[in-house]
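Have a look at run-v1.cif below; it lists mmCIF, C-alpha atoms.
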data_entry
#
loop_
_atom_site.label_atom_id
_atom_site.label_comp_id
_atom_site.auth_asym_id
_atom_site.auth_seq_id
_atom_site.Cartn_x
_atom_site.Cartn_y
_atom_site.Cartn_z
CA MET E 11 -98.33 188.02 76.64
CA LEU E 12 -98.83 184.31 77.11
CA ALA E 13 -99.35 181.58 74.53
CA MET E 14 -101.44 178.57 75.45
CA GLN E 15 -102.17 175.31 73.68
CA TYR E 16 -103.77 172.02 74.49
CA SER E 17 -104.26 169.15 72.13
CA PHE E 18 -106.49 166.13 71.78
CA THR E 19 -105.31 163.19 69.66
CA LEU E 20 -108.41 161.53 68.29
CA PRO E 21 -108.77 157.96 67.00
CA ALA E 22 -107.82 157.25 63.39
CA ASP E 23 -111.45 156.42 62.56
CA TYR E 24 -112.85 159.50 64.33
CA ASP E 25 -115.28 161.46 62.17
CA MET E 26 -113.48 164.81 62.01
CA THR E 27 -116.59 166.50 60.65
CA ILE E 28 -117.71 166.42 64.31
CA ILE E 29 -114.78 168.73 65.16
CA GLU E 30 -115.42 170.93 62.14
CA ARG E 31 -119.10 171.22 63.10
CA ARG E 32 -118.24 171.93 66.75
CA ILE E 33 -115.93 174.76 65.64
CA ALA E 34 -118.55 176.14 63.24
CA ASP E 35 -121.24 176.06 65.94
CA ASN E 36 -119.17 177.34 68.87
CA GLY E 37 -116.13 179.20 67.52
CA HIS E 38 -117.78 182.58 67.73
CA LEU E 39 -118.34 182.19 71.49
CA LEU E 40 -114.82 183.50 72.24
CA ASP E 41 -115.00 186.42 69.80
CA GLY E 42 -114.30 189.48 71.93
CA TYR E 43 -113.33 187.48 75.05
CA PRO E 44 -111.65 189.88 77.51
CA GLY E 45 -107.86 189.70 77.29
CA LEU E 46 -107.83 187.33 74.30
CA ILE E 47 -105.60 188.57 71.49
CA PHE E 48 -106.55 185.57 69.35
CA LYS E 49 -107.65 181.97 69.50
CA THR E 50 -107.10 179.75 66.51
CA TYR E 51 -109.33 176.69 66.39
CA LEU E 52 -106.75 174.28 64.99
CA TYR E 53 -107.39 170.78 63.76
CA ALA E 54 -105.60 168.22 61.62
CA ILE E 55 -107.10 165.34 59.70
CA GLN E 56 -105.02 162.21 59.31
CA ASN E 57 -103.75 161.74 55.75
CA ASP E 58 -105.85 164.63 54.41
CA GLY E 59 -103.34 165.64 51.75
CA LEU E 60 -103.42 169.27 52.92
CA THR E 61 -101.37 169.27 56.10
CA ALA E 62 -99.46 165.97 55.95
CA ASN E 63 -100.51 164.71 59.39
CA ASP E 64 -100.27 161.22 60.77
CA GLU E 65 -103.00 161.80 63.38
CA ASN E 66 -106.40 163.36 63.86
CA LEU E 67 -105.94 166.33 66.17
CA TYR E 68 -107.93 169.11 67.76
CA ALA E 69 -105.41 171.60 69.16
CA PRO E 70 -106.58 175.18 69.82
CA PHE E 71 -103.85 177.80 70.20
CA TYR E 72 -104.40 181.02 72.16
CA LEU E 73 -102.55 184.29 72.59
CA TRP E 74 -103.48 186.06 75.84
CA GLN E 75 -102.68 189.58 77.03
CA ASP E 76 -102.00 188.43 80.59
CA ALA E 77 -102.32 185.64 83.15
CA ALA E 78 -105.58 186.98 84.58
CA SER E 79 -107.31 186.64 81.19
CA LEU E 80 -105.89 183.14 80.67
CA ASN E 81 -107.04 182.09 84.16
CA SER E 82 -110.49 183.54 83.58
CA PHE E 83 -110.88 181.28 80.55
CA LEU E 84 -109.50 178.13 82.20
CA LEU E 85 -111.92 178.63 85.11
CA SER E 86 -114.88 179.27 82.78
CA PRO E 87 -117.85 177.07 81.90
CA GLY E 88 -116.60 177.04 78.28
CA PHE E 89 -113.35 175.29 79.19
CA ALA E 90 -115.27 172.97 81.53
CA ALA E 91 -117.44 171.95 78.56
CA VAL E 92 -114.38 171.13 76.43
CA SER E 93 -112.95 169.08 79.31
CA ARG E 94 -116.23 167.17 79.69
CA ALA E 95 -116.35 166.43 75.96
CA PHE E 96 -112.73 165.33 75.45
CA GLY E 97 -111.17 164.92 78.90
CA ARG E 98 -109.12 167.45 80.85
CA PRO E 99 -106.09 168.21 78.68
CA GLU E 100 -102.53 169.06 79.58
CA VAL E 101 -102.53 172.82 79.05
CA LYS E 102 -99.18 174.19 77.91
CA ILE E 103 -98.48 177.82 78.72
CA TYR E 104 -95.54 179.75 77.34
CA PRO E 105 -94.25 183.29 77.85
CA VAL E 106 -94.29 185.08 74.50
CA LEU E 107 -91.03 186.60 73.34
CA SER E 108 -92.41 188.37 70.28
CA ALA E 109 -95.56 188.49 68.17
CA ALA E 110 -96.63 190.19 64.95
CA LEU E 111 -100.17 190.18 63.54
CA SER E 112 -101.41 191.34 60.16
CA PRO E 113 -104.68 193.27 59.96
CA ASP E 114 -105.71 190.48 57.54
CA ILE E 115 -105.33 187.71 60.16
CA ARG E 116 -108.96 186.60 59.61
CA GLN E 117 -107.93 185.29 56.18
CA ALA E 118 -105.64 182.65 57.71
CA LYS E 119 -106.65 179.09 56.83
CA PHE E 120 -103.56 177.17 57.99
CA ALA E 121 -101.22 177.21 60.96
CA CYS E 122 -97.73 175.80 61.41
CA ARG E 123 -96.31 175.17 64.85
CA LYS E 124 -92.64 174.42 65.20
CA ILE E 125 -90.90 173.42 68.42
CA GLU E 126 -87.12 173.64 68.46
CA PRO E 127 -84.65 172.98 71.25
CA ILE E 128 -82.61 175.86 72.62
CA ARG E 129 -78.99 174.79 72.47
CA PRO E 130 -77.45 174.22 75.90
CA TYR E 131 -75.51 177.22 77.18
CA SER E 132 -76.32 179.30 74.11
CA SER E 133 -76.92 182.99 74.62
CA LEU E 134 -80.53 183.71 75.52
CA SER E 135 -80.25 187.45 74.94
CA SER E 136 -81.36 187.26 71.28
CA LEU E 137 -84.48 185.18 71.97
CA GLY E 138 -86.66 188.24 72.49
CA GLU E 139 -85.84 189.98 69.22
CA PRO E 140 -89.00 191.18 67.45
CA VAL E 141 -90.44 188.89 64.80
CA LYS E 142 -91.59 190.25 61.47
CA ILE E 143 -94.22 188.87 59.18
CA GLY E 144 -93.72 188.38 55.50
CA GLU E 145 -96.27 186.22 53.75
CA GLU E 146 -97.59 184.99 57.10
CA LEU E 147 -100.69 186.62 58.51
CA ALA E 148 -99.36 186.20 62.05
CA ARG E 149 -96.21 184.95 63.66
CA LEU E 150 -95.22 184.51 67.27
CA VAL E 151 -92.29 183.10 69.15
CA ALA E 152 -92.69 181.85 72.70
CA TRP E 153 -90.47 179.77 74.88
CA ASP E 154 -90.62 176.93 77.32
CA PRO E 155 -87.88 177.61 79.89
CA GLN E 156 -88.71 174.37 81.72
CA ASN E 157 -87.74 172.23 78.72
CA TRP E 158 -85.56 174.84 76.95
CA GLN E 159 -87.53 174.99 73.74
CA LEU E 160 -88.70 177.69 71.35
CA ILE E 161 -92.28 177.50 70.14
CA GLY E 162 -93.09 179.21 66.87
CA LEU E 163 -96.54 179.65 65.38
CA SER E 164 -97.26 181.06 61.94
CA LEU E 165 -100.66 181.59 60.36
CA TRP E 166 -101.03 181.40 56.59
CA LYS E 167 -103.66 181.89 53.91
CA THR E 168 -102.09 178.99 51.97
CA LEU E 169 -99.66 176.47 53.37
CA PRO E 170 -96.14 176.90 51.92
CA GLN E 171 -94.50 173.58 51.00
CA GLU E 172 -91.12 174.50 52.51
CA VAL E 173 -92.82 175.24 55.85
CA ALA E 174 -95.16 172.26 55.76
CA SER E 175 -92.40 169.67 55.82
CA THR E 176 -90.73 170.96 59.00
CA SER E 177 -93.62 171.69 61.35
CA GLN E 178 -96.86 170.45 62.87
CA ASN E 179 -99.51 171.72 60.50
CA TYR E 180 -103.16 172.44 61.07
CA GLN E 181 -106.22 173.75 59.35
CA ILE E 182 -107.92 176.72 61.01
CA GLY E 183 -111.64 176.37 61.56
CA HIS E 184 -112.15 179.81 63.10
CA ILE E 185 -110.15 182.66 64.60
CA SER E 186 -111.56 184.50 67.60
CA LEU E 187 -110.34 188.08 67.87
CA PRO E 188 -111.13 191.11 70.03
CA LYS E 189 -114.27 193.00 69.06
CA ASN E 190 -113.56 196.30 67.36
#
This structure in structure tokens:
Amino acid sequence: MLAMQYSFTLPADYDMTIIERRIADNGHLLDGYPGLIFKTYLYAIQNDGLTANDENLYAPFYLWQDAASLNSFLLSPGFAAVSRAFGRPEVKIYPVLSAALSPDIRQAKFACRKIEPIRPYSSLSSLGEPVKIGEELARLVAWDPQNWQLIGLSLWKTLPQEVASTSQNYQIGHISLPKN
């Protein structure tokens, strides 16, 4: 599995209802996309009181089954349209160490992404231990071996205060999942 995220920082005076409307109008287009485990349409509104963000962000996060599926999307007209609208983003791709998804994932309304350094010369053997979900509706751990960082993503129905203060937080506008 591969995790993928790109992010657009939008101006402080940007009307974020444009992003919310774009997600509402187009989010369903990736429902059932071949090889997509999930896509969360993440956004953050500056000083919204919900997610404690300093910036306006649009930052989709994807979980792919394999590189072929990820490549298919990046080479698609859909990604070309996003690039035309906001500029070609830096796409970050991470090997996934472990992921757990609840059958109730569609109920997630918030996401928390945490990036932590991997201590120099620490043992890497425990990085791939399976993650478990508690109150989260999904949780994954990926890593960036180029910069020696762990990337964690958790999806929540409500945003826990103890999590909110230590991570980049987003609202979820839509979640694309495989068709059943």
Q | Residues matched by the PyMOL selection byres ((chain E and resi 74) around 8) as a list in words | A | Met11, Leu12, Ala13, Met14, Gly45, Leu46, Ile47, Phe48, Tyr72, Leu73, Gln75, Asp76, Ala77, Ser79 and Leu80 of chain E
Q. Taking (-101.1, 160.4, 62.9) in the file's coordinates, which residues come within 10 Å, counting only C-alpha atoms, written as JSON, numbers by chain?
A. {"E": [19, 20, 21, 22, 54, 55, 56, 57, 62, 63, 64, 65, 66, 67]}
Q: Would you please work out which residue, of E:Ile185, E:Ala78, E:Arg129, E:Ala95, is nearest to E:Asp114 when using only C-alpha atoms?
A: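 Ranked by minimum distance to E:Asp114, first place goes to E:Ile185.
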Q. Quick one: of E:Tyr24, E:Phe71, E:Tyr43, E:Phe18, who's nearest to E:Ser86, counting all atoms listed in the file?
A.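 Under the stated criterion, the closest residue is E:Tyr43.
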Q: Taking the file above as input, evaluate the PyMOL selection byres ((chain E and resi 186) around 10) and report the hits as a ChimeraX atom specification.
A: /E:37-43,46-51,72,116,184-185,187-189
Q | Minimum-distance residue to E:Asp154, chosen among E:Pro170, E:Pro44, E:Pro70, E:Pro105 (using only C-alpha atoms) | A |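 The answer is E:Pro105, which sits nearest to E:Asp154.
The nearest approach to E:Thr168 among the residues E:Ser17, E:Thr61, E:Ser132, E:Asn190, with all atoms listed in the file taken into account, belongs to E:Thr61.
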Q | Gap from atom CA of E:Val151 to atom CA of E:Ala91 - Å, one decimal | A |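 Atom CA of E:Ala91 lies at a distance of 29.1 Å from atom CA of E:Val151.
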Q | Length of the atom CA of E:Tyr68 to atom CA of E:Tyr16 vector [Å] | A |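 Computing the Euclidean distance for atom CA of E:Tyr68 and atom CA of E:Tyr16 yields 8.4 Å.
Distance-wise, atom CA of E:Ile125 and atom CA of E:Gly138 end up 15.9 Å apart.
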Q | Closest of E:Leu160, E:Ala90, E:Leu147, E:Ile33 to E:Ala121 - atom-to-atom distances counting all atoms listed in the file | A |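 Answer, going by the shortest atom-to-atom distance: E:Leu147.
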Q. Of the candidates E:Leu85, E:Leu134, E:Ile128, E:Val101, which shows the shortest atom-to-atom distance to E:Ile161, using all atoms listed in the file?
A.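 Ranking E:Leu85, E:Leu134, E:Ile128, E:Val101 by distance to E:Ile161, first place goes to E:Ile128.
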For the file shown, what are the residues hit by the PyMOL selection byres ((chain E and resi 122) around 8), laid out as a CSV table (one decimal) with C-alpha atoms, in the coordinates of the input?
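result-v7.csv, freshly written:
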chain,number,residue,atom,x,y,z
E,120,PHE,CA,-103.6,177.2,58.0
E,121,ALA,CA,-101.2,177.2,61.0
E,123,ARG,CA,-96.3,175.2,64.8
E,124,LYS,CA,-92.6,174.4,65.2
E,162,GLY,CA,-93.1,179.2,66.9
E,163,LEU,CA,-96.5,179.6,65.4
E,164,SER,CA,-97.3,181.1,61.9
E,165,LEU,CA,-100.7,181.6,60.4
E,173,VAL,CA,-92.8,175.2,55.8
E,174,ALA,CA,-95.2,172.3,55.8
E,177,SER,CA,-93.6,171.7,61.4
E,178,GLN,CA,-96.9,170.4,62.9
E,179,ASN,CA,-99.5,171.7,60.5
E,180,TYR,CA,-103.2,172.4,61.1
